[in-house]
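work-v1.pdb follows (PDB, C-alpha atoms):
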```pdb
ATOM      1  CA  MET A   1       6.168 -26.664 -49.004
ATOM      2  CA  GLY A   2       5.725 -30.218 -50.435
ATOM      3  CA  THR A   3       2.185 -29.393 -51.502
ATOM      4  CA  THR A   4       3.382 -26.285 -53.295
ATOM      5  CA  VAL A   5       6.137 -28.152 -55.161
ATOM      6  CA  PHE A   6       3.606 -30.787 -56.210
ATOM      7  CA  GLY A   7       1.460 -27.984 -57.556
ATOM      8  CA  LEU A   8       4.417 -26.721 -59.549
ATOM      9  CA  LEU A   9       4.988 -30.197 -60.983
ATOM     10  CA  LEU A  10       1.449 -30.105 -62.248
ATOM     11  CA  LEU A  11       2.074 -26.597 -63.500
ATOM     12  CA  GLY A  12       4.873 -28.021 -65.635
ATOM     13  CA  TYR A  13       2.214 -29.631 -67.779
ATOM     14  CA  CYS A  14      -0.341 -26.827 -67.789
ATOM     15  CA  LEU A  15      -1.523 -24.849 -70.767
ATOM     16  CA  CYS A  16       0.673 -21.920 -71.688
ATOM     17  CA  GLY A  17      -1.204 -20.688 -74.745
ATOM     18  CA  GLY A  18      -3.626 -21.558 -77.498
ATOM     19  CA  GLN A  19      -7.314 -22.346 -77.356
ATOM     20  CA  ALA A  20      -9.060 -24.062 -74.479
ATOM     21  CA  GLY A  21      -8.628 -27.821 -74.595
ATOM     22  CA  LYS A  22      -5.836 -27.531 -77.162
ATOM     23  CA  PRO A  23      -2.493 -27.115 -75.375
ATOM     24  CA  THR A  24       0.161 -25.577 -77.525
ATOM     25  CA  CYS A  25       3.063 -26.089 -75.087
ATOM     26  CA  VAL A  26       3.992 -27.386 -71.654
ATOM     27  CA  ILE A  27       6.559 -26.251 -69.075
ATOM     28  CA  SER A  28       9.043 -29.000 -68.507
ATOM     29  CA  PRO A  29      10.097 -29.676 -64.891
ATOM     30  CA  HIS A  30      13.670 -29.407 -66.138
ATOM     31  CA  SER A  31      13.250 -26.039 -67.842
ATOM     32  CA  GLN A  32      14.775 -22.764 -66.599
ATOM     33  CA  GLN A  33      11.319 -21.250 -66.276
ATOM     34  CA  TYR A  34      10.201 -24.063 -64.014
ATOM     35  CA  ILE A  35      13.317 -23.740 -61.838
ATOM     36  CA  GLN A  36      12.673 -20.009 -61.519
ATOM     37  CA  LEU A  37       9.098 -20.690 -60.440
ATOM     38  CA  VAL A  38      10.305 -23.158 -57.808
ATOM     39  CA  ASN A  39      12.893 -20.689 -56.506
ATOM     40  CA  LEU A  40      10.267 -17.962 -56.374
ATOM     41  CA  ASN A  41       7.912 -20.228 -54.483
ATOM     42  CA  VAL A  42      10.644 -21.162 -51.981
ATOM     43  CA  LYS A  43      11.403 -17.473 -51.415
ATOM     44  CA  MET A  44       7.708 -16.760 -50.854
ATOM     45  CA  ILE A  45       7.481 -19.578 -48.312
ATOM     46  CA  TYR A  46      10.603 -18.297 -46.524
ATOM     47  CA  LEU A  47       9.251 -14.750 -46.408
ATOM     48  CA  GLN A  48       5.909 -15.989 -45.113
ATOM     49  CA  LYS A  49       7.594 -17.941 -42.318
ATOM     50  CA  GLU A  50       9.821 -14.973 -41.516
ATOM     51  CA  ASN A  51       6.763 -12.692 -41.302
ATOM     52  CA  GLU A  52       5.034 -15.180 -39.015
ATOM     53  CA  ALA A  53       8.142 -15.359 -36.794
ATOM     54  CA  GLN A  54       8.357 -11.560 -36.620
ATOM     55  CA  ALA A  55       4.642 -11.322 -35.816
ATOM     56  CA  LYS A  56       5.137 -13.852 -33.009
ATOM     57  CA  ARG A  57       8.094 -11.898 -31.616
ATOM     58  CA  LEU A  58       6.035  -8.707 -31.783
ATOM     59  CA  ARG A  59       3.179 -10.334 -29.865
ATOM     60  CA  GLU A  60       5.631 -11.546 -27.228
ATOM     61  CA  LEU A  61       7.130  -8.053 -26.878
ATOM     62  CA  GLU A  62       3.662  -6.507 -26.558
ATOM     63  CA  LYS A  63       2.780  -9.100 -23.906
ATOM     64  CA  GLN A  64       5.972  -8.325 -21.990
ATOM     65  CA  LYS A  65       5.282  -4.596 -22.202
ATOM     66  CA  SER A  66       1.756  -5.160 -20.914
ATOM     67  CA  GLN A  67       3.103  -7.176 -17.985
ATOM     68  CA  VAL A  68       5.651  -4.461 -17.190
ATOM     69  CA  ASP A  69       2.892  -1.816 -17.271
ATOM     70  CA  ILE A  70       0.788  -3.914 -14.888
ATOM     71  CA  LEU A  71       3.723  -4.304 -12.495
ATOM     72  CA  LYS A  72       4.373  -0.553 -12.606
ATOM     73  CA  ARG A  73       0.733   0.195 -11.800
ATOM     74  CA  GLN A  74       0.763  -2.325  -8.954
ATOM     75  CA  LEU A  75       3.931  -0.757  -7.552
ATOM     76  CA  GLN A  76       2.408   2.714  -7.733
ATOM     77  CA  VAL A  77      -0.776   1.524  -6.048
ATOM     78  CA  LYS A  78       1.248  -0.024  -3.204
ATOM     79  CA  GLN A  79       2.790   3.369  -2.477
ATOM     80  CA  VAL A  80      -0.076   4.936  -0.525
ATOM     81  CA  ALA A  81       0.394   7.206   2.494
ATOM     82  CA  PHE A  82      -0.943  10.548   3.693
ATOM     83  CA  SER A  83      -0.766  12.921   6.660
ATOM     84  CA  ALA A  84      -2.741  16.127   7.118
ATOM     85  CA  SER A  85      -3.507  18.595   9.892
ATOM     86  CA  LEU A  86      -6.820  20.315  10.458
ATOM     87  CA  LEU A  87      -6.143  23.972   9.633
ATOM     88  CA  ALA A  88      -4.342  25.144   6.520
ATOM     89  CA  SER A  89      -3.055  28.211   8.421
ATOM     90  CA  GLY A  90      -3.677  30.252  11.525
ATOM     91  CA  HIS A  91      -5.227  28.899  14.698
ATOM     92  CA  GLY A  92      -8.648  28.370  16.242
ATOM     93  CA  TYR A  93     -11.465  25.973  16.979
ATOM     94  CA  THR A  94     -13.641  23.854  14.745
ATOM     95  CA  GLY A  95     -16.991  23.323  16.462
ATOM     96  CA  PRO A  96     -19.003  22.856  18.511
ATOM     97  CA  TYR A  97     -21.950  22.054  16.236
ATOM     98  CA  LYS A  98     -25.360  20.659  17.076
ATOM     99  CA  ALA A  99     -24.946  17.782  14.616
ATOM    100  CA  HIS A 100     -22.101  15.438  13.747
ATOM    101  CA  THR A 101     -19.924  17.188  11.164
ATOM    102  CA  ASN A 102     -17.339  15.707   8.811
ATOM    103  CA  LEU A 103     -13.864  17.149   9.317
ATOM    104  CA  VAL A 104     -11.650  18.352   6.491
ATOM    105  CA  PHE A 105      -7.924  18.235   7.239
ATOM    106  CA  ARG A 106      -6.621  20.864   4.850
ATOM    107  CA  ARG A 107      -2.886  21.148   5.458
ATOM    108  CA  VAL A 108      -1.397  18.168   3.646
ATOM    109  CA  ALA A 109       2.110  17.122   4.649
ATOM    110  CA  THR A 110       2.178  13.891   2.629
ATOM    111  CA  ASN A 111      -0.180  12.457   0.027
ATOM    112  CA  ILE A 112       1.641   9.684  -1.829
ATOM    113  CA  GLY A 113      -0.731   8.089  -4.285
ATOM    114  CA  ASN A 114      -3.213  11.000  -4.015
ATOM    115  CA  ALA A 115      -5.759   8.821  -2.237
ATOM    116  CA  TYR A 116      -6.588  11.567   0.286
ATOM    117  CA  ASN A 117      -8.793  14.445  -0.871
ATOM    118  CA  PRO A 118      -7.933  17.629   1.097
ATOM    119  CA  HIS A 119     -11.047  19.392  -0.225
ATOM    120  CA  ARG A 120     -13.434  16.794   1.183
ATOM    121  CA  GLY A 121     -11.342  15.297   3.961
ATOM    122  CA  VAL A 122     -11.915  11.809   2.565
ATOM    123  CA  PHE A 123      -9.469   8.966   1.957
ATOM    124  CA  THR A 124     -10.488   6.584  -0.851
ATOM    125  CA  ALA A 125      -8.875   3.141  -1.048
ATOM    126  CA  PRO A 126      -7.238   2.663  -4.480
ATOM    127  CA  VAL A 127      -6.656  -1.081  -3.975
ATOM    128  CA  ARG A 128      -7.997  -3.897  -1.817
ATOM    129  CA  GLY A 129      -5.783  -4.211   1.224
ATOM    130  CA  VAL A 130      -5.173  -3.523   4.894
ATOM    131  CA  TYR A 131      -4.655   0.133   5.821
ATOM    132  CA  HIS A 132      -3.639   1.684   9.107
ATOM    133  CA  PHE A 133      -5.070   5.023  10.263
ATOM    134  CA  GLN A 134      -4.325   7.201  13.266
ATOM    135  CA  PHE A 135      -5.726  10.522  14.368
ATOM    136  CA  TYR A 136      -5.159  13.123  17.063
ATOM    137  CA  VAL A 137      -7.492  15.803  18.435
ATOM    138  CA  SER A 138      -6.619  18.593  20.839
ATOM    139  CA  ALA A 139      -8.316  21.452  22.635
ATOM    140  CA  TYR A 140      -8.060  23.630  25.706
ATOM    141  CA  GLY A 141     -10.254  22.632  28.625
ATOM    142  CA  HIS A 142     -13.845  23.779  28.923
ATOM    143  CA  ALA A 143     -16.406  23.110  31.619
ATOM    144  CA  SER A 144     -19.050  21.723  29.247
ATOM    145  CA  ILE A 145     -17.363  21.169  25.868
ATOM    146  CA  ALA A 146     -15.235  18.099  25.157
ATOM    147  CA  SER A 147     -12.950  17.303  22.231
ATOM    148  CA  SER A 148     -13.669  14.255  20.093
ATOM    149  CA  ALA A 149     -13.587  12.774  16.622
ATOM    150  CA  MET A 150     -14.972   9.531  15.211
ATOM    151  CA  LEU A 151     -13.259   7.593  12.437
ATOM    152  CA  VAL A 152     -15.832   6.450   9.880
ATOM    153  CA  LYS A 153     -15.513   3.773   7.196
ATOM    154  CA  ASN A 154     -18.163   4.396   4.534
ATOM    155  CA  LYS A 155     -21.175   4.793   6.896
ATOM    156  CA  GLU A 156     -19.815   2.681   9.752
ATOM    157  CA  GLN A 157     -18.495   4.352  12.887
ATOM    158  CA  ILE A 158     -15.245   2.619  13.844
ATOM    159  CA  PHE A 159     -13.140   4.224  16.616
ATOM    160  CA  MET A 160     -13.403   7.473  18.587
ATOM    161  CA  ALA A 161     -10.815   9.713  20.223
ATOM    162  CA  TYR A 162     -12.300  11.651  23.167
ATOM    163  CA  GLU A 163     -10.947  14.094  25.747
ATOM    164  CA  HIS A 164     -12.788  16.288  28.242
ATOM    165  CA  ARG A 165     -11.112  18.364  30.874
ATOM    166  CA  LYS A 166     -12.344  21.499  32.592
ATOM    167  CA  SER A 167      -9.038  23.361  32.325
ATOM    168  CA  GLY A 168      -5.620  23.101  30.766
ATOM    169  CA  TYR A 169      -4.652  21.635  27.425
ATOM    170  CA  GLY A 170      -5.687  18.138  26.455
ATOM    171  CA  THR A 171      -5.246  15.713  23.571
ATOM    172  CA  ALA A 172      -6.799  12.417  22.523
ATOM    173  CA  ALA A 173      -5.669   9.858  19.950
ATOM    174  CA  ASN A 174      -6.675   6.569  18.441
ATOM    175  CA  GLY A 175      -5.754   4.268  15.589
ATOM    176  CA  VAL A 176      -7.024   1.256  13.702
ATOM    177  CA  SER A 177      -6.110  -1.143  10.896
ATOM    178  CA  LEU A 178      -8.908  -1.808   8.405
ATOM    179  CA  LEU A 179      -9.452  -4.139   5.473
ATOM    180  CA  LEU A 180     -10.719  -1.909   2.671
ATOM    181  CA  GLU A 181     -12.131  -2.749  -0.716
ATOM    182  CA  VAL A 182     -11.409  -0.589  -3.757
ATOM    183  CA  GLY A 183     -13.486   2.578  -3.441
ATOM    184  CA  ASP A 184     -14.115   2.368   0.319
ATOM    185  CA  VAL A 185     -13.839   5.758   2.020
ATOM    186  CA  VAL A 186     -12.469   6.679   5.433
ATOM    187  CA  PHE A 187     -12.826  10.059   7.135
ATOM    188  CA  LEU A 188     -13.134  11.730  10.542
ATOM    189  CA  ARG A 189     -16.332  13.142  11.955
ATOM    190  CA  LEU A 190     -16.515  15.769  14.691
ATOM    191  CA  TRP A 191     -18.954  14.558  17.338
ATOM    192  CA  HIS A 192     -21.873  16.873  18.051
ATOM    193  CA  ASN A 193     -21.379  19.481  20.783
ATOM    194  CA  THR A 194     -17.589  18.988  20.807
ATOM    195  CA  ARG A 195     -14.728  21.005  19.360
ATOM    196  CA  ILE A 196     -11.161  20.639  18.101
ATOM    197  CA  TYR A 197      -8.314  23.120  18.264
ATOM    198  CA  ASP A 198      -5.423  23.473  15.851
ATOM    199  CA  ASP A 199      -2.654  25.962  15.179
ATOM    200  CA  SER A 200       0.782  26.219  13.586
ATOM    201  CA  THR A 201       2.023  23.261  15.642
ATOM    202  CA  HIS A 202      -0.535  20.988  13.906
ATOM    203  CA  THR A 203      -1.667  19.065  16.983
ATOM    204  CA  SER A 204      -4.901  17.851  15.376
ATOM    205  CA  SER A 205      -4.063  15.501  12.525
ATOM    206  CA  PHE A 206      -5.225  12.565  10.418
ATOM    207  CA  SER A 207      -2.854  10.021   8.837
ATOM    208  CA  GLY A 208      -3.008   6.694   7.070
ATOM    209  CA  HIS A 209      -1.046   4.322   4.878
ATOM    210  CA  LEU A 210      -1.341   0.990   3.104
ATOM    211  CA  LEU A 211       0.163  -1.914   5.054
ATOM    212  CA  PHE A 212      -0.240  -4.602   2.382
ATOM    213  CA  THR A 213      -2.546  -5.588  -0.472
ATOM    214  CA  MET A 214      -4.962  -8.514  -0.335
TER     215      MET A 214
END
```
Let me see the structure of the file written as structure tokens.
Amino acid sequence: MGTTVFGLLLLGYCLCGGQAGKPTCVISPHSQQYIQLVNLNVKMIYLQKENEAQAKRLRELEKQKSQVDILKRQLQVKQVAFSASLLASGHGYTGPYKAHTNLVFRRVATNIGNAYNPHRGVFTAPVRGVYHFQFYVSAYGHASIASSAMLVKNKEQIFMAYEHRKSGYGTAANGVSLLLEVGDVVFLRLWHNTRIYDDSTHTSSFSGHLLFTM
């Protein structure tokens, strides 16, 4: 502000008319016109500072909103859980097949966070963290056909559930906690020459949930 007032003091002696180099009048620092110019300048400085203060407050509000949005997204990501059974309806066997075959658990009971794809049977990690998975397979006994499923992370075979009995009804289960990076996939694979049974009681299932982020 001091610089501006000094400029106005100089303005008090500037040309206000006539030809170049031949001043016809000067504005006195004590004149009403000069006082009005000073007042106008003070108002302009005040408005400029007020605009800067408002701009700063606006930036702070936008920063706070951005932080709130990030926290909301983090909270949503932490809410990850799913459970699904093999058959969407009815009853029957899946398998046996000559080759390992990926299983698709179609009847979804829970899919918080939508990380499980019921059309592909694949869970995709939305955030880096530790996840826990468990799975159950069931089938009626057969002399030469067992029941089994392998949990796969990306292309790595992790844990298997296996049951083989010649008669009666049997089940097998397993579970594991895995550190997953964003985009890692987890699914179940039916082992070759085995089969799985499911019906309205949903005895063959696949579940998982996020334990904590890393």
message = Could you tell me how far CA of Glu163 (chain A) sits from CA of Gly141 (chain A), in Å to one decimal place?
response =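 Between these atoms lies a distance of 9.0 Å.
Omitting Thr101 (chain A) and its sequence neighbours fewer than 5 positions away, and counting all atoms listed in the file, the residues within 7 Å are Arg189, Leu190 and Trp191 of chain A.
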Q.
Give me the residues near Ala143 (chain A) as a PyMOL selection string, where near means some atom within 9 Å (using only C-alpha atoms) and where sequence neighbours in that chain fewer than 2 positions away do not count.
A. chain A and resi 141+145-146+164-167
If I put a ball of radius 9 Å at (-3.2, 17.2, 11.0) in the file's coordinates, which residues poke into it when counting all atoms listed in the file, written as a PDB file with C-alpha atoms, in the frame of the given file?
```pdb
ATOM      1  CA  SER A  83      -0.766  12.921   6.660  1.00  0.00           C
ATOM      2  CA  ALA A  84      -2.741  16.127   7.118  1.00  0.00           C
ATOM      3  CA  SER A  85      -3.507  18.595   9.892  1.00  0.00           C
ATOM      4  CA  LEU A  86      -6.820  20.315  10.458  1.00  0.00           C
ATOM      5  CA  LEU A  87      -6.143  23.972   9.633  1.00  0.00           C
ATOM      6  CA  PHE A 105      -7.924  18.235   7.239  1.00  0.00           C
ATOM      7  CA  ARG A 106      -6.621  20.864   4.850  1.00  0.00           C
ATOM      8  CA  ARG A 107      -2.886  21.148   5.458  1.00  0.00           C
ATOM      9  CA  VAL A 108      -1.397  18.168   3.646  1.00  0.00           C
ATOM     10  CA  ALA A 109       2.110  17.122   4.649  1.00  0.00           C
ATOM     11  CA  PHE A 135      -5.726  10.522  14.368  1.00  0.00           C
ATOM     12  CA  TYR A 136      -5.159  13.123  17.063  1.00  0.00           C
ATOM     13  CA  VAL A 137      -7.492  15.803  18.435  1.00  0.00           C
ATOM     14  CA  ASP A 198      -5.423  23.473  15.851  1.00  0.00           C
ATOM     15  CA  HIS A 202      -0.535  20.988  13.906  1.00  0.00           C
ATOM     16  CA  THR A 203      -1.667  19.065  16.983  1.00  0.00           C
ATOM     17  CA  SER A 204      -4.901  17.851  15.376  1.00  0.00           C
ATOM     18  CA  SER A 205      -4.063  15.501  12.525  1.00  0.00           C
ATOM     19  CA  PHE A 206      -5.225  12.565  10.418  1.00  0.00           C
ATOM     20  CA  SER A 207      -2.854  10.021   8.837  1.00  0.00           C
TER      21      SER A 207
END
```
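Shortest separation to Val176 (chain A) among A:Leu211, A:Pro126, A:Tyr131, A:Ser144 occurs at residue A:Tyr131, atoms counted being all atoms listed in the file.
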Q: Tell me, as a PyMOL selection string, which residues lie within 12 Å of Ala149 (chain A), counting all atoms listed in the file; anything in the same chain fewer than 5 positions away does not count.
A: chain A and resi 86+94-96+100-104+134-139+157-163+171-175+187-197+204-206
Among A:Val38, A:Val186, A:Leu180, A:Leu210, Asn117 (chain A) is approached most closely, using all atoms listed in the file, by A:Val186
Nearest-residue call for Ser177 (chain A), choices A:Val68, A:Val122, A:Leu151, A:Val127, using all atoms listed in the file =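 Among A:Val68, A:Val122, A:Leu151, A:Val127, it is A:Leu151 that comes nearest to Ser177 (chain A).
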Residue with the minimum atom-to-atom distance to Ala81 (chain A), picked from A:Gln32, A:Thr110, A:Gly168, A:Lys63 with only C-alpha atoms counted, is A:Thr110
Practice problem: Figure out the distance between CA of Ala125 (chain A) and CA of Val185 (chain A), please, to one decimal in Å. | Solution: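 Taking CA of Val185 (chain A) as the start and CA of Ala125 (chain A) as the end point, the length is 6.4 Å.
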re CA of Leu179 (chain A) and CA of Lys153 (chain A): distance 10.1 Å
For region 178-189 of chain A, supply all heavy atoms and report the output as a tab-separated table (two decimals), keeping the file's coordinate frame.
```tsv
chain	number	residue	atom	x	y	z
A	178	LEU	N	-7.66	-1.41	9.05
A	178	LEU	CA	-8.91	-1.81	8.40
A	178	LEU	C	-8.65	-2.50	7.07
A	178	LEU	O	-7.76	-2.09	6.32
A	178	LEU	CB	-9.79	-0.57	8.14
A	178	LEU	CG	-10.28	0.21	9.36
A	178	LEU	CD1	-10.99	1.48	8.89
A	178	LEU	CD2	-11.21	-0.64	10.20
A	179	LEU	N	-9.44	-3.53	6.80
A	179	LEU	CA	-9.45	-4.14	5.47
A	179	LEU	C	-10.42	-3.34	4.61
A	179	LEU	O	-11.61	-3.26	4.91
A	179	LEU	CB	-9.89	-5.60	5.55
A	179	LEU	CG	-10.11	-6.30	4.20
A	179	LEU	CD1	-8.84	-6.31	3.37
A	179	LEU	CD2	-10.64	-7.72	4.40
A	180	LEU	N	-9.89	-2.74	3.54
A	180	LEU	CA	-10.72	-1.91	2.67
A	180	LEU	C	-10.79	-2.51	1.27
A	180	LEU	O	-9.80	-3.05	0.77
A	180	LEU	CB	-10.15	-0.49	2.57
A	180	LEU	CG	-10.01	0.30	3.88
A	180	LEU	CD1	-9.46	1.70	3.59
A	180	LEU	CD2	-11.34	0.39	4.61
A	181	GLU	N	-11.97	-2.40	0.68
A	181	GLU	CA	-12.13	-2.75	-0.72
A	181	GLU	C	-11.86	-1.52	-1.57
A	181	GLU	O	-11.87	-0.38	-1.07
A	181	GLU	CB	-13.55	-3.26	-0.97
A	181	GLU	CG	-13.96	-4.45	-0.12
A	181	GLU	CD	-13.18	-5.71	-0.44
A	181	GLU	OE1	-12.65	-5.80	-1.56
A	181	GLU	OE2	-13.13	-6.61	0.42
A	182	VAL	N	-11.63	-1.72	-2.85
A	182	VAL	CA	-11.41	-0.59	-3.76
A	182	VAL	C	-12.63	0.33	-3.72
A	182	VAL	O	-13.76	-0.11	-3.88
A	182	VAL	CB	-11.16	-1.08	-5.20
A	182	VAL	CG1	-11.04	0.11	-6.14
A	182	VAL	CG2	-9.92	-1.94	-5.26
A	183	GLY	N	-12.39	1.61	-3.47
A	183	GLY	CA	-13.49	2.58	-3.44
A	183	GLY	C	-14.05	2.86	-2.07
A	183	GLY	O	-14.84	3.80	-1.89
A	184	ASP	N	-13.68	2.06	-1.05
A	184	ASP	CA	-14.12	2.37	0.32
A	184	ASP	C	-13.53	3.71	0.75
A	184	ASP	O	-12.41	4.06	0.38
A	184	ASP	CB	-13.65	1.28	1.29
A	184	ASP	CG	-14.51	0.03	1.22
A	184	ASP	OD1	-15.59	0.09	0.61
A	184	ASP	OD2	-14.11	-1.00	1.79
A	185	VAL	N	-14.29	4.44	1.55
A	185	VAL	CA	-13.84	5.76	2.02
A	185	VAL	C	-13.69	5.76	3.54
A	185	VAL	O	-14.45	5.08	4.25
A	185	VAL	CB	-14.80	6.88	1.57
A	185	VAL	CG1	-14.81	6.99	0.06
A	185	VAL	CG2	-16.21	6.64	2.10
A	186	VAL	N	-12.72	6.53	4.00
A	186	VAL	CA	-12.47	6.68	5.43
A	186	VAL	C	-12.29	8.16	5.72
A	186	VAL	O	-11.58	8.86	4.97
A	186	VAL	CB	-11.21	5.89	5.87
A	186	VAL	CG1	-10.90	6.16	7.34
A	186	VAL	CG2	-11.40	4.40	5.63
A	187	PHE	N	-12.94	8.64	6.78
A	187	PHE	CA	-12.83	10.06	7.14
A	187	PHE	C	-13.09	10.21	8.63
A	187	PHE	O	-13.50	9.26	9.32
A	187	PHE	CB	-13.80	10.90	6.31
A	187	PHE	CG	-15.24	10.47	6.43
A	187	PHE	CD1	-16.09	11.04	7.37
A	187	PHE	CD2	-15.75	9.47	5.61
A	187	PHE	CE1	-17.41	10.63	7.49
A	187	PHE	CE2	-17.07	9.06	5.71
A	187	PHE	CZ	-17.90	9.64	6.66
A	188	LEU	N	-12.87	11.43	9.14
A	188	LEU	CA	-13.13	11.73	10.54
A	188	LEU	C	-14.36	12.62	10.66
A	188	LEU	O	-14.57	13.51	9.84
A	188	LEU	CB	-11.92	12.41	11.18
A	188	LEU	CG	-10.70	11.53	11.42
A	188	LEU	CD1	-9.59	12.36	12.07
A	188	LEU	CD2	-11.04	10.34	12.30
A	189	ARG	N	-15.10	12.38	11.71
A	189	ARG	CA	-16.33	13.14	11.96
A	189	ARG	C	-16.26	13.76	13.35
A	189	ARG	O	-16.01	13.06	14.34
A	189	ARG	CB	-17.54	12.22	11.83
A	189	ARG	CG	-18.88	12.86	12.11
A	189	ARG	CD	-19.98	11.85	11.82
A	189	ARG	NE	-20.11	11.62	10.39
A	189	ARG	CZ	-20.76	10.58	9.87
A	189	ARG	NH1	-21.30	9.66	10.66
A	189	ARG	NH2	-20.88	10.46	8.56
```
